[in-house]
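A short write-up of the structure that comes next.
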Amino acid sequence: MAKVNLDVAVVGGGLGGLYALYRLRRLGFTTRVFEAGSGVGGTWFWNRYPGARCDIESLEYSYSFSEELQSEWRWPERYATQPVILQYINHVADRFDLRRDVELNTRIASAVYDRAANRWTLTAGDGTIISARYCVMATGNLSTPRVPDFKGLESFQGKWHHSGLWPAEGVDFTGQRVGVIGTGSTAIQMIPLIARQASHLYVFQRTANFSLPARNAAMDVERERQHKADYARRRDEARTTPFGVSGYPLPTQSALAASPEERRRNYERLWDEGGTIGFLTCYNDFLVSEEANETAAEFVREQIRRTVHDPKVAELLAPKDHPIGSKRLCLDTGYYETYNRDNVTLVDARSAPIEEITPRGVLTADREYELDAIAFATGFDAMTGALREIDIRVEGGEVLAEKWVGGPLTYLGLMSAGFPNLFMITGPGSPSVKSQMIVSIEQHVDWIARCLDDLRTQGLARIEPTADAEVAWVAHVNQVADSTLYPRANSWYVGANIPGKPRVFMPYVGGVGAYRRRCDEIAANGYEGFEVTAEGNAALRQRTLSAA
Ligand SMILES: Cc1cc2nc3c(=O)[nH]c(=O)nc-3n(C[C@H](O)[C@H](O)[C@H](O)COP(=O)(O)OP(=O)(O)OC[C@H]3O[C@@H](n4cnc5c(N)ncnc54)[C@H](O)[C@@H]3O)c2cc1C
């Protein structure tokens with residue numbers, strides 16, 4: 001049984017874990033990453049389904065920590081595909097010599113904190129034991145695939161796959177009758193491509209989602225040149241915007257104050273430009289006022305009706321049960337057009353729900369659909385799934401999964417009270433999935449690195465949030481969410497896709513810029529809301545840790 005001694009153990013080898021390794025190693029902390037998969041990349045290692053690509057432009061959705069990296073790396077398309085993003089992450093791992101501190105094929109099963117020793121002991125599935133003063137959970141928000149427990153799945157005679165565990169060698173659907181279950185972001189990316197291969201594609205839709213055109217294209221060389229020439233300023237700007245994307249500042253105009261003609265021109269321009277962030281930041285009441293939101297929602301429904309030839313299918317595809325943007329806004333290439341193909345059928349799984357998977361296919365309340373293959377695009381146990389799967393506890397004290405039974409409780413989405421020296425990257429209660437996530441990952445890692453450095457410099461060894469600070473932060477997260485339309489949707493943001501999961505709005509929607517300012521102020525004010533302790537359990541007054 002191998003035993004490893006570290007300053008910092010990082011769990012997860014995606015974009016978050018790798019950047020944490022890079023940053024902490026440079027500060028002289030002995031750091032290792034433990035990753036369940038057989039390669040680095042996280043999301044981009046696992047999600048190899050057809051059509052997988054980022055939905056934020058690659059010039060934005062990329063690391064900003066190295067000027068050389070961002071200027072030298074060439075993105076071939078406006079929105080990079082999964083293989084290209086994975087290639088980029090592997091390039092980063094090689095370029096910054098990260099691999100020697102990454103342990104692959106190592107799933108961490110438990111993490112137990114010993115208060116007297118002030119150390120975390122992590123145990124991996126293979127029995128490896130890791131002892132570390134600090135533990136950083138970079139386990140991802142969308143890393144626990146959810147295969148619905150349909151009755152009869154094991155009896156299915158064809159092949160089935162979940163988008164988040166897609167075989168590395170790919171799946172050839174040529175000539176097959178295929179069922180796609182789900183119509184969220186992932187399904188919307190895979191459906192147009194599977195439709196081109198399958199003899200017939202059945203899409204089982206329970207809830208229609210809003211999707212906007214990506215207008216993906218080969219990278220415009222001049223645009224890339226201009227963007228890169230201005231990279232430093234753009235990255236700084238991104239960090240102050242609501243969603244962490246440059247060029248989309250906090251909107252100031254109300255949709256309701258604009259005339260219908262002006263609004264329409266604006267929506268048409270955004271529709272033609274492609275992308276989701278333009279819509280999300282087009283008006284300051286877009287995500288706040290139902291009436292304002294409805295103007296954009298109806299515009300998108302009109303586009304769906306214009307694109308899809310069969311009016312019944314168009315009506316089924318036009319979402320009416322949630323405000324636009326209150327669920328993850330999808331981005332597509334030819335999604336709605338796909339329903340004009342003769343070999344594609346939209347199955348309304350709301351009025352005739354799926355009852356079971358049979359040996360031959362899918363049985364709904366209406367009829368049986370014979371299938372050779374099923375692709376589950378049913379999402380993830382989002383935001384808390386990966387953390388709840390690890391037995392995280394304090395010896396003789398609390399168990400994280402039990403503490404979170406009514407929903408996640410954190411201070412800033414960075415730490416949870418009662419669990420000293422345990423950090424989360426993009427944890428619940430931070431902008432996380434409501435942002436360009438690499439901006440949020442870098443911000444969290446930088447904050448943690450600065451904090452550990454400050455602790456070390458000042459001879460301190462333990463940090464944890466106070467219960468009061470956590471209660472106040474959770475209340476603030478909820479209050480901000482309740483002032484928006486987000487909680488109106490039954491989305492994975494509230495855990496609605498997981499039976500029995502508590503309905504709590506998990507991300508912080510106050511915006512990347514405001515959140516970042518708050519985190520910086522807290523550090524500058526002597527890590528307000530945290531309790532710091534010296535080695536040997538001598539409790540110090542709060543605020544004795546000062547930021548460098
Ligand atoms: C299909 C898809 C498309 C996306 N597109 C975008 C986009 O366009 N823009 C955007 O901002 N975000 C996007 N996201 C969100 C994406 O998850 C983040 O942008 C980012 O990749 C997260 O990086 P991460 O390192 O935090 O987590 P992940 O990439 O999820 O990595 C976490 C890693 O932790 C590992 N792990 C988990 N538990 C354990 C354990 N117990 N032991 C060991 N290892 C463990 C997992 O195997 C995984 O490799 C997308 C997500 C998906 C699923």
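Here's how to read the names in the structure tokens: chain A, B, ... by the order shown, residue numbers from 1 in each chain, ligand numbers from 1 in the order shown.
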
Please identify the strand (DSSP E or B) residues within segment 211-246 of chain A (assignment by DSSP from backbone atoms) and present them as a PyMOL selection string.
chain A and resi 211-213+218

Taking only C-alpha atoms and all ligand atoms and a cut-off of 7 Å, can you tell me which residues surround ligand 1, written as JSON, numbers by chain?
{"A": [11, 12, 13, 14, 15, 16, 17, 34, 35, 36, 37, 40, 41, 42, 43, 44, 45, 47, 52, 53, 54, 55, 56, 61, 106, 107, 108, 109, 138, 139, 140, 141, 142, 143, 164, 186, 386, 387, 389, 390, 425, 426, 433, 435, 436, 437, 438, 441]}

Quick one: everything within 10 Å of Glu368 of chain A, counting only C-alpha atoms, minus sequence neighbours fewer than 5 positions away in the same chain. Send it as a PyMOL selection string.
chain A and resi 354-358+360-363

Restricting it to N, CA, C and O atoms, dump the selection as a JSON list (two decimals), in the first residue's frame.
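Result file again.json:
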[["chain", "number", "residue", "atom", "x", "y", "z"],
["A", 354, "ILE", "N", -41.61, 7.74, -21.09],
["A", 354, "ILE", "CA", -40.92, 6.45, -21.24],
["A", 354, "ILE", "C", -41.28, 5.61, -20.03],
["A", 354, "ILE", "O", -41.14, 6.05, -18.89],
["A", 355, "GLU", "N", -41.73, 4.38, -20.30],
["A", 355, "GLU", "CA", -42.10, 3.50, -19.18],
["A", 355, "GLU", "C", -40.98, 2.55, -18.85],
["A", 355, "GLU", "O", -40.71, 2.27, -17.69],
["A", 356, "GLU", "N", -40.37, 2.02, -19.90],
["A", 356, "GLU", "CA", -39.24, 1.13, -19.63],
["A", 356, "GLU", "C", -38.41, 0.91, -20.90],
["A", 356, "GLU", "O", -38.85, 1.24, -22.01],
["A", 357, "ILE", "N", -37.22, 0.38, -20.68],
["A", 357, "ILE", "CA", -36.39, -0.04, -21.80],
["A", 357, "ILE", "C", -36.67, -1.53, -21.96],
["A", 357, "ILE", "O", -36.65, -2.28, -20.97],
["A", 358, "THR", "N", -36.92, -1.94, -23.17],
["A", 358, "THR", "CA", -37.23, -3.34, -23.41],
["A", 358, "THR", "C", -36.04, -3.98, -24.13],
["A", 358, "THR", "O", -35.13, -3.25, -24.56],
["A", 360, "ARG", "N", -35.94, -4.79, -27.01],
["A", 360, "ARG", "CA", -35.92, -4.30, -28.39],
["A", 360, "ARG", "C", -35.80, -2.79, -28.53],
["A", 360, "ARG", "O", -35.56, -2.27, -29.62],
["A", 361, "GLY", "N", -36.02, -2.06, -27.45],
["A", 361, "GLY", "CA", -35.96, -0.60, -27.59],
["A", 361, "GLY", "C", -36.56, 0.13, -26.41],
["A", 361, "GLY", "O", -36.34, -0.23, -25.26],
["A", 362, "VAL", "N", -37.37, 1.14, -26.73],
["A", 362, "VAL", "CA", -37.94, 1.99, -25.68],
["A", 362, "VAL", "C", -39.46, 1.89, -25.74],
["A", 362, "VAL", "O", -40.06, 2.04, -26.81],
["A", 363, "LEU", "N", -40.04, 1.63, -24.58],
["A", 363, "LEU", "CA", -41.50, 1.57, -24.50],
["A", 363, "LEU", "C", -42.00, 2.83, -23.82],
["A", 363, "LEU", "O", -41.62, 3.12, -22.68]]

Considering only C-alpha atoms, return as a list of chain:residue names whatever protein or nucleic-acid residues lie within 6 Å of segment 447-461 of chain A, sequence-local ones (same chain, fewer than 6 positions apart) excluded.
A:Thr533, A:Ala534, A:Glu535

Pull N, CA and C atoms from the residues just selected and write them as a PDB file, in the first residue's frame.
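As written to disk, again-v9.pdb reads:
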ATOM      1  N   THR A 533      -5.681  29.255  12.331  1.00  0.00           N
ATOM      2  CA  THR A 533      -5.096  28.639  13.510  1.00  0.00           C
ATOM      3  C   THR A 533      -3.637  28.319  13.240  1.00  0.00           C
ATOM      4  N   ALA A 534      -2.809  28.496  14.293  1.00  0.00           N
ATOM      5  CA  ALA A 534      -1.398  28.138  14.143  1.00  0.00           C
ATOM      6  C   ALA A 534      -1.238  26.644  14.389  1.00  0.00           C
ATOM      7  N   GLU A 535      -0.089  26.132  14.068  1.00  0.00           N
ATOM      8  CA  GLU A 535       0.224  24.720  14.337  1.00  0.00           C
ATOM      9  C   GLU A 535       0.063  24.482  15.840  1.00  0.00           C
TER      10      GLU A 535
END

Using only C-alpha atoms, determine which residues lie at most 12 Å from Val221 of chain A, disregarding the query and same-chain residues fewer than 2 positions distant; provide the list as an NGL selection string.
:A and (59 or 74-78 or 217-219 or 223-228)

Based on the selection just made, write C-alpha atoms of those residues as an mmCIF file, in the first residue's frame.
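Output below, filename result_21.cif:
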data_model
loop_
_atom_site.group_PDB
_atom_site.id
_atom_site.type_symbol
_atom_site.label_atom_id
_atom_site.label_comp_id
_atom_site.auth_asym_id
_atom_site.auth_seq_id
_atom_site.Cartn_x
_atom_site.Cartn_y
_atom_site.Cartn_z
ATOM 1 C CA LEU A 59 -10.368 32.580 -27.677
ATOM 2 C CA ARG A 74 -4.045 28.299 -32.514
ATOM 3 C CA TRP A 75 -7.728 27.480 -32.286
ATOM 4 C CA PRO A 76 -8.852 26.169 -35.672
ATOM 5 C CA GLU A 77 -12.530 27.089 -35.216
ATOM 6 C CA ARG A 78 -14.574 29.702 -33.414
ATOM 7 C CA ALA A 217 -16.808 28.638 -38.603
ATOM 8 C CA ALA A 218 -13.122 28.279 -39.246
ATOM 9 C CA MET A 219 -11.209 30.820 -37.182
ATOM 10 C CA ARG A 223 -10.146 38.380 -35.880
ATOM 11 C CA GLU A 224 -7.767 36.053 -34.078
ATOM 12 C CA ARG A 225 -4.872 38.443 -34.661
ATOM 13 C CA GLN A 226 -6.816 41.382 -33.279
ATOM 14 C CA HIS A 227 -8.071 39.426 -30.282
ATOM 15 C CA LYS A 228 -4.589 38.199 -29.419
#

Name the residues in contact with segment 375-377 of chain A at a cut-off of 6 Å, using only C-alpha atoms, excluding same-chain residues fewer than 2 positions from it; report them as a PyMOL selection string.
chain A and resi 160-163+180-182+187+379

Would you mind listing what lies within 12 Å of Thr276 of chain A as a PyMOL selection string, with only C-alpha atoms counted and same-chain residues fewer than 4 positions away left out?
chain A and resi 54-57+185+210-215+243+245+248+267+270-272+280-282+324-325+327-332+434-436

Those residues with C-alpha atoms, as a JSON list (two decimals), in the first residue's frame please?
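The result, stored in result.json:
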[["chain", "number", "residue", "atom", "x", "y", "z"],
["A", 54, "CYS", "CA", -17.38, 24.31, -26.18],
["A", 55, "ASP", "CA", -20.22, 26.81, -26.31],
["A", 56, "ILE", "CA", -18.12, 29.82, -25.42],
["A", 57, "GLU", "CA", -15.67, 31.00, -28.05],
["A", 185, "SER", "CA", -27.05, 21.02, -24.44],
["A", 210, "PHE", "CA", -33.99, 27.09, -25.96],
["A", 211, "SER", "CA", -31.11, 26.81, -28.39],
["A", 212, "LEU", "CA", -29.35, 29.56, -30.31],
["A", 213, "PRO", "CA", -27.23, 29.23, -33.43],
["A", 214, "ALA", "CA", -23.47, 29.00, -32.85],
["A", 215, "ARG", "CA", -22.54, 30.31, -36.31],
["A", 243, "PHE", "CA", -20.39, 35.76, -17.21],
["A", 245, "VAL", "CA", -16.51, 36.76, -21.19],
["A", 248, "TYR", "CA", -20.18, 41.51, -22.78],
["A", 267, "TYR", "CA", -32.43, 40.13, -31.21],
["A", 270, "LEU", "CA", -27.64, 38.64, -31.88],
["A", 271, "TRP", "CA", -29.26, 35.69, -33.66],
["A", 272, "ASP", "CA", -27.14, 36.38, -36.75],
["A", 280, "LEU", "CA", -27.84, 36.74, -21.76],
["A", 281, "THR", "CA", -26.42, 40.25, -21.49],
["A", 282, "CYS", "CA", -28.60, 42.09, -24.02],
["A", 324, "ILE", "CA", -35.20, 31.82, -21.70],
["A", 325, "GLY", "CA", -31.76, 31.67, -20.06],
["A", 327, "LYS", "CA", -31.80, 26.88, -17.86],
["A", 328, "ARG", "CA", -28.44, 26.47, -19.53],
["A", 329, "LEU", "CA", -28.90, 28.19, -22.88],
["A", 330, "CYS", "CA", -27.90, 25.76, -25.60],
["A", 331, "LEU", "CA", -25.87, 26.48, -28.69],
["A", 332, "ASP", "CA", -26.29, 24.50, -31.87],
["A", 434, "LYS", "CA", -22.97, 30.36, -14.61],
["A", 435, "SER", "CA", -19.69, 31.62, -15.99],
["A", 436, "GLN", "CA", -16.96, 30.99, -18.51]]
